[in-house]
Amino acid sequence: MPAITLPDGSVRQFDAPVTGTTVAEAIGPGLARAALAMKVDGKPVDISTEIDQDAHVVFITRRDIDALEMIRHDAAHVLAEAVQELFPGTQVTIGPSIENGFYYDFARNDPFTPEDFAPIEAKMREIVARGARFERQVMDREEAIAFFQAKGEKYKAQLIEDLPRSEVITLYRQGEWIDLCRGPHLRTTADIGTAFKLMKVAGAYWRGDHRNAMLSRIYGTAWRDQKELDAYLHQLEEAERRDHRRIGKDMGLFHIQEEAVGSVFWHPKGWKLYRTAETYMRRRLDASGYQEVKTPQLVDRILWEKSGHWENYRQNMFIAHVEDEDKSLALKPMNCPCHVQIFRQGLRSYRELPLRMAEFGACHRYEPSGALHGIMRVRAFTQDDAHIFCTEAQIAPETVRFVELLSSIYRDFGFESFRVKFSDRPEARSGSDDVWDQAEAALKEACATAGVEYELNPGEGAFYGPKLEFVLRDAIGRDWQCGTLQVDFVLPERLDAEYVAEDGARHRPVMLHRAILGSFERFLGILIEQYAGRFPLWLAPVQAVVATIVSDADAYAEEVATALTKAGLTVRTDLTNQKINAKVREHSLLHVPVLAVVGRKEAETRTVALRRLGGSAQDVVSLEEAVARLAAEATPPDLRADRV
């Protein structure tokens, strides 16, 4: 007699084992129609699953975010069926759901092309319309291997052969088509809906090994309704329009080339943007009580062994071997061990804590070439890194202080909100469970004190401590993890950091590892895409161009440019012989925020016609007013007179 506890706390008693379908029908016809699957004691299962003991049950409807992954999973099955109907002899391999969609890898002599998408999508819609029920079937291992071998599906047979002997072999049927799958699934193919689209095709080695056969991978996206699909496709269009690599090239900000894979060549305008952000961050840190330091790039492996990085992070480090000294040095992938070395110079007192040590540290990490992406993911980058050495009692107030600083900085850069993930202990880590219990409890208490709400991100902490990850949402709805705060009891112990406490005894400090922007390069890439290159005036690499209508105004244009430059703006002049409309187009393409237009009339009246990027109206003001107005607008947010 299973007792089914529902989300509202009510309990339904049944006289015998019962399926989710029966439970939903007992609750009401509306739920029976809407329920696509369910969670039994937190585990997603088919709604047809039989429940034979007391359980907590949550039904999954199309409104629930949990339905998305199942829609995508089922869409992958429908894709595979469609392909095999249209292209007999094609073998299916694996087809998981992924972020925003799904894919399926196929083995065939001729790889697929985008021209194949239209007939495949049409066939998928036909299969969806059939409404075939997803039916789970348990099969003996040897029987399942023989079943797929008989169908000519050698890849499926190999998958089963490689599964642990304890694994229950389950297949799912939809009409006449059947696939190896753990599930769960929706009720029928009709539950998938038609809000899906095939996106691209790529090559993929079987099991990711280049020694294996090359497969043809078809990617698709699937959503709960057409509105969600349209919004996603619009986001992709916007992302392409805002691509920092294209905008960076068009604006002449940076470039990347094969002779320095994963490193950025900053051009003058790009470096101006970089220095503006760096100068702003330096002022904010100075005002918040941080002490800036600079540490070496190359450090002996002995230090990395002591810190635990050699054991836990060696695969991401660049190593240099000095032959005549027979020693190995590593380009630092992070700054923390070096900051501990500064802390250890001399005897520290509790009166010095918290000690906030910051560095714009140049770091190098190995990233596979296939993972590199413009300036968003590189091998050589600069962190706005800092470490706070403090007592355990200071963790909470320092967290409050950090979150306030981070929130203010994000607002200044144009991000009004963020969400937080709590990443706890990873499988590979240093330190005992007791130390991790202590660190995780301290960070959770600090979150409560700071009023920080978070979602759990299991197993994603650093090897030396749990962390908070601060995730920004950009102008087109994409999430970017930037800031971090990590509580570390491990490194101070491993690297022998200590201070003299009030009781006269020596104690280990706690290290708070923290970053706000993360990587400067990545954050600037995010900013380029956030603003689509149309930066607010204080960030723009070139803030204004003084353009002439006639050559008679050249001298006055130079005077205007000089006045704006003296007021602190970055200004260029355009005295070329082009028509003014051509100049407007040219500098609009370069995303210059302000065009100051001058001709004979402006020279005579000592006025300036201000034209904003993206607008057609001109605001004619005196030179003095133009200088005052633009200087005020170009003032960084932290230096403005109206700053609260």
# chains A, B, ... in the order shown; residues from 1 in each chain; ligands from 1
$ closest_atom_pairs --of "stretch 445-519 of chain A" --to "stretch 278-291 of chain A" --cutoff "12 Å" --atoms "only C-alpha atoms" --output "JSON lines"
{"residue": "A:Arg514", "atom": "CA", "partner": "A:Tyr290", "partner_atom": "CA", "distance": 11.9}
{"residue": "A:Ala515", "atom": "CA", "partner": "A:Met281", "partner_atom": "CA", "distance": 11.1}
{"residue": "A:Ile516", "atom": "CA", "partner": "A:Met281", "partner_atom": "CA", "distance": 9.4}
{"residue": "A:Leu517", "atom": "CA", "partner": "A:Met281", "partner_atom": "CA", "distance": 9.2}
{"residue": "A:Gly518", "atom": "CA", "partner": "A:Met281", "partner_atom": "CA", "distance": 11.8}
{"residue": "A:Ser519", "atom": "CA", "partner": "A:Glu278", "partner_atom": "CA", "distance": 11.3}
$ select_by_dssp --residues "stretch 71-311 of chain A" --states "alpha helix (DSSP H)" --output "PyMOL selection string"
chain A and resi 71-86+117-130+141-150+154-162+226-241+244-251+268-287+301-307+309-311
$ closest_residue --among "A:Glu521, A:Glu445, A:Asp488, A:Glu238" --to "A:Ala362" --atoms "only C-alpha atoms"
A:Glu521
$ residues_around --residues "stretch 484-486 of chain A" --least-positions-apart "6" --cutoff "9 Å" --atoms "only C-alpha atoms" --output "list in words"
Thr399, Phe402, Leu443, Gly461, Ala462, Tyr464, Gly465, Pro466, Lys467, Leu468, Glu469, Phe470, Met511, Leu512, His513, Arg514, Ala515, Ile516, Leu517 and Gly518 of chain A
$ write_last_selection --atoms "N, CA and C atoms" --output "PDB file, in the first residue's frame"
ATOM      1  N   THR A 399      33.355  38.910   3.355  1.00  0.00           N
ATOM      2  CA  THR A 399      32.445  38.506   2.275  1.00  0.00           C
ATOM      3  C   THR A 399      31.426  39.596   1.999  1.00  0.00           C
ATOM      4  N   PHE A 402      33.199  42.325   0.161  1.00  0.00           N
ATOM      5  CA  PHE A 402      33.519  41.934  -1.210  1.00  0.00           C
ATOM      6  C   PHE A 402      32.284  41.984  -2.102  1.00  0.00           C
ATOM      7  N   LEU A 443      31.713  29.435   4.605  1.00  0.00           N
ATOM      8  CA  LEU A 443      31.252  30.164   3.427  1.00  0.00           C
ATOM      9  C   LEU A 443      29.730  30.289   3.418  1.00  0.00           C
ATOM     10  N   GLY A 461      33.986  23.001  -6.743  1.00  0.00           N
ATOM     11  CA  GLY A 461      34.890  23.862  -6.005  1.00  0.00           C
ATOM     12  C   GLY A 461      36.325  23.706  -6.486  1.00  0.00           C
ATOM     13  N   ALA A 462      37.209  24.633  -6.050  1.00  0.00           N
ATOM     14  CA  ALA A 462      38.635  24.497  -6.339  1.00  0.00           C
ATOM     15  C   ALA A 462      39.196  23.345  -5.510  1.00  0.00           C
ATOM     16  N   TYR A 464      41.345  23.356  -3.383  1.00  0.00           N
ATOM     17  CA  TYR A 464      41.736  23.762  -2.037  1.00  0.00           C
ATOM     18  C   TYR A 464      40.593  24.386  -1.245  1.00  0.00           C
ATOM     19  N   GLY A 465      39.405  24.546  -1.846  1.00  0.00           N
ATOM     20  CA  GLY A 465      38.333  25.142  -1.068  1.00  0.00           C
ATOM     21  C   GLY A 465      37.066  25.385  -1.864  1.00  0.00           C
ATOM     22  N   PRO A 466      35.934  25.527  -1.159  1.00  0.00           N
ATOM     23  CA  PRO A 466      34.665  25.829  -1.820  1.00  0.00           C
ATOM     24  C   PRO A 466      34.665  27.259  -2.334  1.00  0.00           C
ATOM     25  N   LYS A 467      33.773  27.544  -3.260  1.00  0.00           N
ATOM     26  CA  LYS A 467      33.762  28.891  -3.828  1.00  0.00           C
ATOM     27  C   LYS A 467      32.364  29.336  -4.212  1.00  0.00           C
ATOM     28  N   LEU A 468      32.210  30.653  -4.247  1.00  0.00           N
ATOM     29  CA  LEU A 468      31.039  31.280  -4.833  1.00  0.00           C
ATOM     30  C   LEU A 468      31.398  31.716  -6.238  1.00  0.00           C
ATOM     31  N   GLU A 469      30.510  31.487  -7.180  1.00  0.00           N
ATOM     32  CA  GLU A 469      30.699  31.938  -8.558  1.00  0.00           C
ATOM     33  C   GLU A 469      29.615  32.967  -8.858  1.00  0.00           C
ATOM     34  N   PHE A 470      30.028  34.126  -9.339  1.00  0.00           N
ATOM     35  CA  PHE A 470      29.105  35.221  -9.619  1.00  0.00           C
ATOM     36  C   PHE A 470      28.858  35.267 -11.130  1.00  0.00           C
ATOM     37  N   MET A 511      42.719  32.067   3.857  1.00  0.00           N
ATOM     38  CA  MET A 511      42.894  32.794   2.601  1.00  0.00           C
ATOM     39  C   MET A 511      41.558  32.869   1.879  1.00  0.00           C
ATOM     40  N   LEU A 512      41.155  34.076   1.528  1.00  0.00           N
ATOM     41  CA  LEU A 512      40.011  34.256   0.640  1.00  0.00           C
ATOM     42  C   LEU A 512      40.552  34.622  -0.735  1.00  0.00           C
ATOM     43  N   HIS A 513      40.397  33.707  -1.690  1.00  0.00           N
ATOM     44  CA  HIS A 513      40.780  33.983  -3.068  1.00  0.00           C
ATOM     45  C   HIS A 513      39.602  34.702  -3.712  1.00  0.00           C
ATOM     46  N   ARG A 514      39.826  35.830  -4.354  1.00  0.00           N
ATOM     47  CA  ARG A 514      38.688  36.531  -4.949  1.00  0.00           C
ATOM     48  C   ARG A 514      39.074  37.241  -6.226  1.00  0.00           C
ATOM     49  N   ALA A 515      38.135  37.261  -7.144  1.00  0.00           N
ATOM     50  CA  ALA A 515      38.276  38.015  -8.394  1.00  0.00           C
ATOM     51  C   ALA A 515      36.907  38.593  -8.714  1.00  0.00           C
ATOM     52  N   ILE A 516      36.899  39.706  -9.414  1.00  0.00           N
ATOM     53  CA  ILE A 516      35.638  40.352  -9.776  1.00  0.00           C
ATOM     54  C   ILE A 516      35.405  40.244 -11.278  1.00  0.00           C
ATOM     55  N   LEU A 517      36.364  40.694 -12.062  1.00  0.00           N
ATOM     56  CA  LEU A 517      36.251  40.547 -13.513  1.00  0.00           C
ATOM     57  C   LEU A 517      36.640  39.136 -13.942  1.00  0.00           C
ATOM     58  N   GLY A 518      37.550  38.510 -13.197  1.00  0.00           N
ATOM     59  CA  GLY A 518      38.118  37.230 -13.604  1.00  0.00           C
ATOM     60  C   GLY A 518      39.300  37.493 -14.509  1.00  0.00           C
TER      61      GLY A 518
END
$ select_by_dssp --residues "stretch 530-605 of chain A" --states "strand (DSSP E)" --output "PyMOL selection string"
chain A and resi 544-548+571-574+594-598
$ closest_residue --among "A:Leu198, A:Ala132, A:Val571, A:Ala157" --to "A:Glu176" --atoms "only C-alpha atoms"
A:Ala132
$ residues_around --residues "stretch 251-266 of chain A" --least-positions-apart "4" --cutoff "6 Å" --atoms "only C-alpha atoms" --output "list of chain:residue names"
A:Ile247, A:Gly270, A:Trp271, A:Val378, A:Arg379, A:Ala380, A:Leu590
$ write_last_selection --atoms "N, CA and C atoms" --output "tab-separated table (two decimals), in the first residue's frame"
chain	number	residue	atom	x	y	z
A	247	ILE	N	33.70	42.44	-34.16
A	247	ILE	CA	33.70	43.84	-33.75
A	247	ILE	C	35.12	44.29	-33.43
A	270	GLY	N	42.43	49.10	-28.70
A	270	GLY	CA	42.10	48.02	-27.78
A	270	GLY	C	42.82	48.17	-26.46
A	271	TRP	N	44.09	48.58	-26.54
A	271	TRP	CA	44.87	48.75	-25.31
A	271	TRP	C	44.34	49.92	-24.49
A	378	VAL	N	41.55	32.08	-23.70
A	378	VAL	CA	42.92	32.23	-24.19
A	378	VAL	C	43.87	31.45	-23.30
A	379	ARG	N	45.14	31.47	-23.66
A	379	ARG	CA	46.16	30.81	-22.84
A	379	ARG	C	46.95	31.81	-22.00
A	380	ALA	N	47.02	33.05	-22.46
A	380	ALA	CA	47.75	34.10	-21.73
A	380	ALA	C	46.74	35.18	-21.37
A	590	LEU	N	32.84	52.49	-36.97
A	590	LEU	CA	33.89	52.33	-35.96
A	590	LEU	C	33.36	52.53	-34.54
$ residues_around --residues "A:Ile395" --least-positions-apart "5" --cutoff "12 Å" --atoms "only C-alpha atoms" --output "PDB file with N, CA and C atoms, in the first residue's frame"
ATOM      1  N   LEU A 353      45.587  41.986  10.068  1.00  0.00           N
ATOM      2  CA  LEU A 353      44.504  41.277   9.380  1.00  0.00           C
ATOM      3  C   LEU A 353      43.185  42.041   9.519  1.00  0.00           C
ATOM      4  N   PRO A 354      42.354  42.019   8.506  1.00  0.00           N
ATOM      5  CA  PRO A 354      42.569  41.356   7.217  1.00  0.00           C
ATOM      6  C   PRO A 354      43.565  42.109   6.353  1.00  0.00           C
ATOM      7  N   ILE A 388      42.766  37.691   0.363  1.00  0.00           N
ATOM      8  CA  ILE A 388      42.540  38.330   1.654  1.00  0.00           C
ATOM      9  C   ILE A 388      42.974  37.350   2.738  1.00  0.00           C
ATOM     10  N   PHE A 389      44.000  37.719   3.484  1.00  0.00           N
ATOM     11  CA  PHE A 389      44.468  36.909   4.607  1.00  0.00           C
ATOM     12  C   PHE A 389      43.732  37.410   5.850  1.00  0.00           C
ATOM     13  N   CYS A 390      42.998  36.515   6.498  1.00  0.00           N
ATOM     14  CA  CYS A 390      42.147  36.955   7.600  1.00  0.00           C
ATOM     15  C   CYS A 390      41.983  35.843   8.620  1.00  0.00           C
ATOM     16  N   VAL A 400      30.877  40.182   3.053  1.00  0.00           N
ATOM     17  CA  VAL A 400      29.930  41.290   2.889  1.00  0.00           C
ATOM     18  C   VAL A 400      30.590  42.430   2.119  1.00  0.00           C
ATOM     19  N   ARG A 401      31.797  42.772   2.539  1.00  0.00           N
ATOM     20  CA  ARG A 401      32.531  43.870   1.912  1.00  0.00           C
ATOM     21  C   ARG A 401      32.825  43.570   0.444  1.00  0.00           C
ATOM     22  N   PHE A 402      33.199  42.325   0.161  1.00  0.00           N
ATOM     23  CA  PHE A 402      33.519  41.934  -1.210  1.00  0.00           C
ATOM     24  C   PHE A 402      32.284  41.984  -2.102  1.00  0.00           C
ATOM     25  N   GLN A 438      34.634  22.521   7.560  1.00  0.00           N
ATOM     26  CA  GLN A 438      34.850  23.825   8.196  1.00  0.00           C
ATOM     27  C   GLN A 438      34.754  24.955   7.165  1.00  0.00           C
ATOM     28  N   ALA A 439      35.395  24.757   5.997  1.00  0.00           N
ATOM     29  CA  ALA A 439      35.409  25.796   4.971  1.00  0.00           C
ATOM     30  C   ALA A 439      34.024  26.013   4.378  1.00  0.00           C
ATOM     31  N   GLU A 440      33.309  24.915   4.095  1.00  0.00           N
ATOM     32  CA  GLU A 440      31.974  25.047   3.505  1.00  0.00           C
ATOM     33  C   GLU A 440      30.997  25.688   4.482  1.00  0.00           C
ATOM     34  N   ALA A 441      31.097  25.318   5.757  1.00  0.00           N
ATOM     35  CA  ALA A 441      30.225  25.921   6.761  1.00  0.00           C
ATOM     36  C   ALA A 441      30.506  27.413   6.903  1.00  0.00           C
ATOM     37  N   ALA A 442      31.789  27.773   6.864  1.00  0.00           N
ATOM     38  CA  ALA A 442      32.156  29.189   6.996  1.00  0.00           C
ATOM     39  C   ALA A 442      31.632  29.997   5.817  1.00  0.00           C
ATOM     40  N   LEU A 443      31.713  29.435   4.605  1.00  0.00           N
ATOM     41  CA  LEU A 443      31.252  30.164   3.427  1.00  0.00           C
ATOM     42  C   LEU A 443      29.730  30.289   3.418  1.00  0.00           C
ATOM     43  N   LYS A 444      29.045  29.255   3.859  1.00  0.00           N
ATOM     44  CA  LYS A 444      27.579  29.342   3.934  1.00  0.00           C
ATOM     45  C   LYS A 444      27.141  30.375   4.973  1.00  0.00           C
ATOM     46  N   GLU A 445      27.830  30.409   6.088  1.00  0.00           N
ATOM     47  CA  GLU A 445      27.521  31.409   7.113  1.00  0.00           C
ATOM     48  C   GLU A 445      27.792  32.814   6.580  1.00  0.00           C
ATOM     49  N   ALA A 446      28.875  32.958   5.823  1.00  0.00           N
ATOM     50  CA  ALA A 446      29.192  34.266   5.240  1.00  0.00           C
ATOM     51  C   ALA A 446      28.118  34.688   4.250  1.00  0.00           C
ATOM     52  N   CYS A 447      27.596  33.742   3.468  1.00  0.00           N
ATOM     53  CA  CYS A 447      26.512  34.050   2.524  1.00  0.00           C
ATOM     54  C   CYS A 447      25.274  34.542   3.270  1.00  0.00           C
ATOM     55  N   ALA A 448      24.964  33.877   4.382  1.00  0.00           N
ATOM     56  CA  ALA A 448      23.802  34.292   5.176  1.00  0.00           C
ATOM     57  C   ALA A 448      23.997  35.704   5.716  1.00  0.00           C
ATOM     58  N   THR A 449      25.196  35.994   6.194  1.00  0.00           N
ATOM     59  CA  THR A 449      25.485  37.331   6.727  1.00  0.00           C
ATOM     60  C   THR A 449      25.402  38.388   5.632  1.00  0.00           C
ATOM     61  N   ALA A 450      25.882  38.048   4.423  1.00  0.00           N
ATOM     62  CA  ALA A 450      25.894  39.000   3.315  1.00  0.00           C
ATOM     63  C   ALA A 450      24.554  39.071   2.592  1.00  0.00           C
ATOM     64  N   LEU A 485      34.676  33.892  -5.223  1.00  0.00           N
ATOM     65  CA  LEU A 485      35.177  34.045  -3.852  1.00  0.00           C
ATOM     66  C   LEU A 485      35.363  32.640  -3.294  1.00  0.00           C
ATOM     67  N   GLN A 486      36.587  32.329  -2.877  1.00  0.00           N
ATOM     68  CA  GLN A 486      36.909  30.984  -2.406  1.00  0.00           C
ATOM     69  C   GLN A 486      37.458  31.053  -0.984  1.00  0.00           C
ATOM     70  N   VAL A 487      37.006  30.146  -0.157  1.00  0.00           N
ATOM     71  CA  VAL A 487      37.496  30.061   1.221  1.00  0.00           C
ATOM     72  C   VAL A 487      38.506  28.922   1.293  1.00  0.00           C
ATOM     73  N   ASP A 488      39.709  29.242   1.752  1.00  0.00           N
ATOM     74  CA  ASP A 488      40.819  28.292   1.674  1.00  0.00           C
ATOM     75  C   ASP A 488      41.519  28.163   3.030  1.00  0.00           C
ATOM     76  N   PHE A 489      41.387  26.974   3.620  1.00  0.00           N
ATOM     77  CA  PHE A 489      42.148  26.637   4.827  1.00  0.00           C
ATOM     78  C   PHE A 489      43.376  25.794   4.487  1.00  0.00           C
ATOM     79  N   PRO A 509      46.451  31.782   8.974  1.00  0.00           N
ATOM     80  CA  PRO A 509      45.378  32.645   8.481  1.00  0.00           C
ATOM     81  C   PRO A 509      44.455  31.852   7.557  1.00  0.00           C
ATOM     82  N   VAL A 510      43.277  32.364   7.329  1.00  0.00           N
ATOM     83  CA  VAL A 510      42.410  31.867   6.265  1.00  0.00           C
ATOM     84  C   VAL A 510      42.708  32.703   5.026  1.00  0.00           C
ATOM     85  N   MET A 511      42.719  32.067   3.857  1.00  0.00           N
ATOM     86  CA  MET A 511      42.894  32.794   2.601  1.00  0.00           C
ATOM     87  C   MET A 511      41.558  32.869   1.879  1.00  0.00           C
ATOM     88  N   LEU A 512      41.155  34.076   1.528  1.00  0.00           N
ATOM     89  CA  LEU A 512      40.011  34.256   0.640  1.00  0.00           C
ATOM     90  C   LEU A 512      40.552  34.622  -0.735  1.00  0.00           C
ATOM     91  N   HIS A 513      40.397  33.707  -1.690  1.00  0.00           N
ATOM     92  CA  HIS A 513      40.780  33.983  -3.068  1.00  0.00           C
ATOM     93  C   HIS A 513      39.602  34.702  -3.712  1.00  0.00           C
TER      94      HIS A 513
END
$ residues_around --residues "A:Ala634" --least-positions-apart "3" --cutoff "9 Å" --atoms "only C-alpha atoms" --output "list in words"
Pro536, Leu537, Trp538, Leu539, Ala540, Gln543, Gly568, Leu569, Arg629, Leu630, Ala631 and Pro637 of chain A
$ write_last_selection --atoms "N, CA and C atoms" --output "mmCIF file, in the first residue's frame"
data_model
loop_
_atom_site.group_PDB
_atom_site.id
_atom_site.type_symbol
_atom_site.label_atom_id
_atom_site.label_comp_id
_atom_site.auth_asym_id
_atom_site.auth_seq_id
_atom_site.Cartn_x
_atom_site.Cartn_y
_atom_site.Cartn_z
ATOM 1 N N PRO A 536 29.672 52.914 -23.547
ATOM 2 C CA PRO A 536 29.395 54.210 -22.922
ATOM 3 C C PRO A 536 30.634 55.090 -23.044
ATOM 4 N N LEU A 537 30.440 56.382 -22.987
ATOM 5 C CA LEU A 537 31.517 57.312 -23.320
ATOM 6 C C LEU A 537 32.768 57.091 -22.479
ATOM 7 N N TRP A 538 32.595 56.745 -21.200
ATOM 8 C CA TRP A 538 33.771 56.621 -20.336
ATOM 9 C C TRP A 538 34.653 55.436 -20.725
ATOM 10 N N LEU A 539 34.082 54.435 -21.400
ATOM 11 C CA LEU A 539 34.848 53.251 -21.791
ATOM 12 C C LEU A 539 35.353 53.304 -23.231
ATOM 13 N N ALA A 540 34.744 54.112 -24.068
ATOM 14 C CA ALA A 540 35.048 54.085 -25.504
ATOM 15 C C ALA A 540 36.525 54.381 -25.774
ATOM 16 N N GLN A 543 36.626 58.541 -27.936
ATOM 17 C CA GLN A 543 35.382 59.058 -27.392
ATOM 18 C C GLN A 543 34.693 60.059 -28.308
ATOM 19 N N GLY A 568 40.305 65.834 -20.936
ATOM 20 C CA GLY A 568 40.482 64.425 -20.574
ATOM 21 C C GLY A 568 39.902 63.427 -21.543
ATOM 22 N N LEU A 569 39.353 63.861 -22.660
ATOM 23 C CA LEU A 569 38.767 62.932 -23.616
ATOM 24 C C LEU A 569 39.799 62.450 -24.625
ATOM 25 N N ARG A 629 29.958 69.285 -21.172
ATOM 26 C CA ARG A 629 28.995 68.189 -21.230
ATOM 27 C C ARG A 629 29.693 66.852 -21.486
ATOM 28 N N LEU A 630 30.575 66.827 -22.463
ATOM 29 C CA LEU A 630 31.254 65.572 -22.804
ATOM 30 C C LEU A 630 32.250 65.156 -21.728
ATOM 31 N N ALA A 631 32.916 66.124 -21.108
ATOM 32 C CA ALA A 631 33.853 65.788 -20.029
ATOM 33 C C ALA A 631 33.119 65.150 -18.863
ATOM 34 N N PRO A 637 32.408 56.264 -13.693
ATOM 35 C CA PRO A 637 31.331 56.309 -12.699
ATOM 36 C C PRO A 637 31.804 56.555 -11.269
#
$ closest_residue --among "A:Gly101, A:Pro2, A:Gly208, A:Pro164" --to "A:Ile51" --atoms "only C-alpha atoms"
A:Pro2
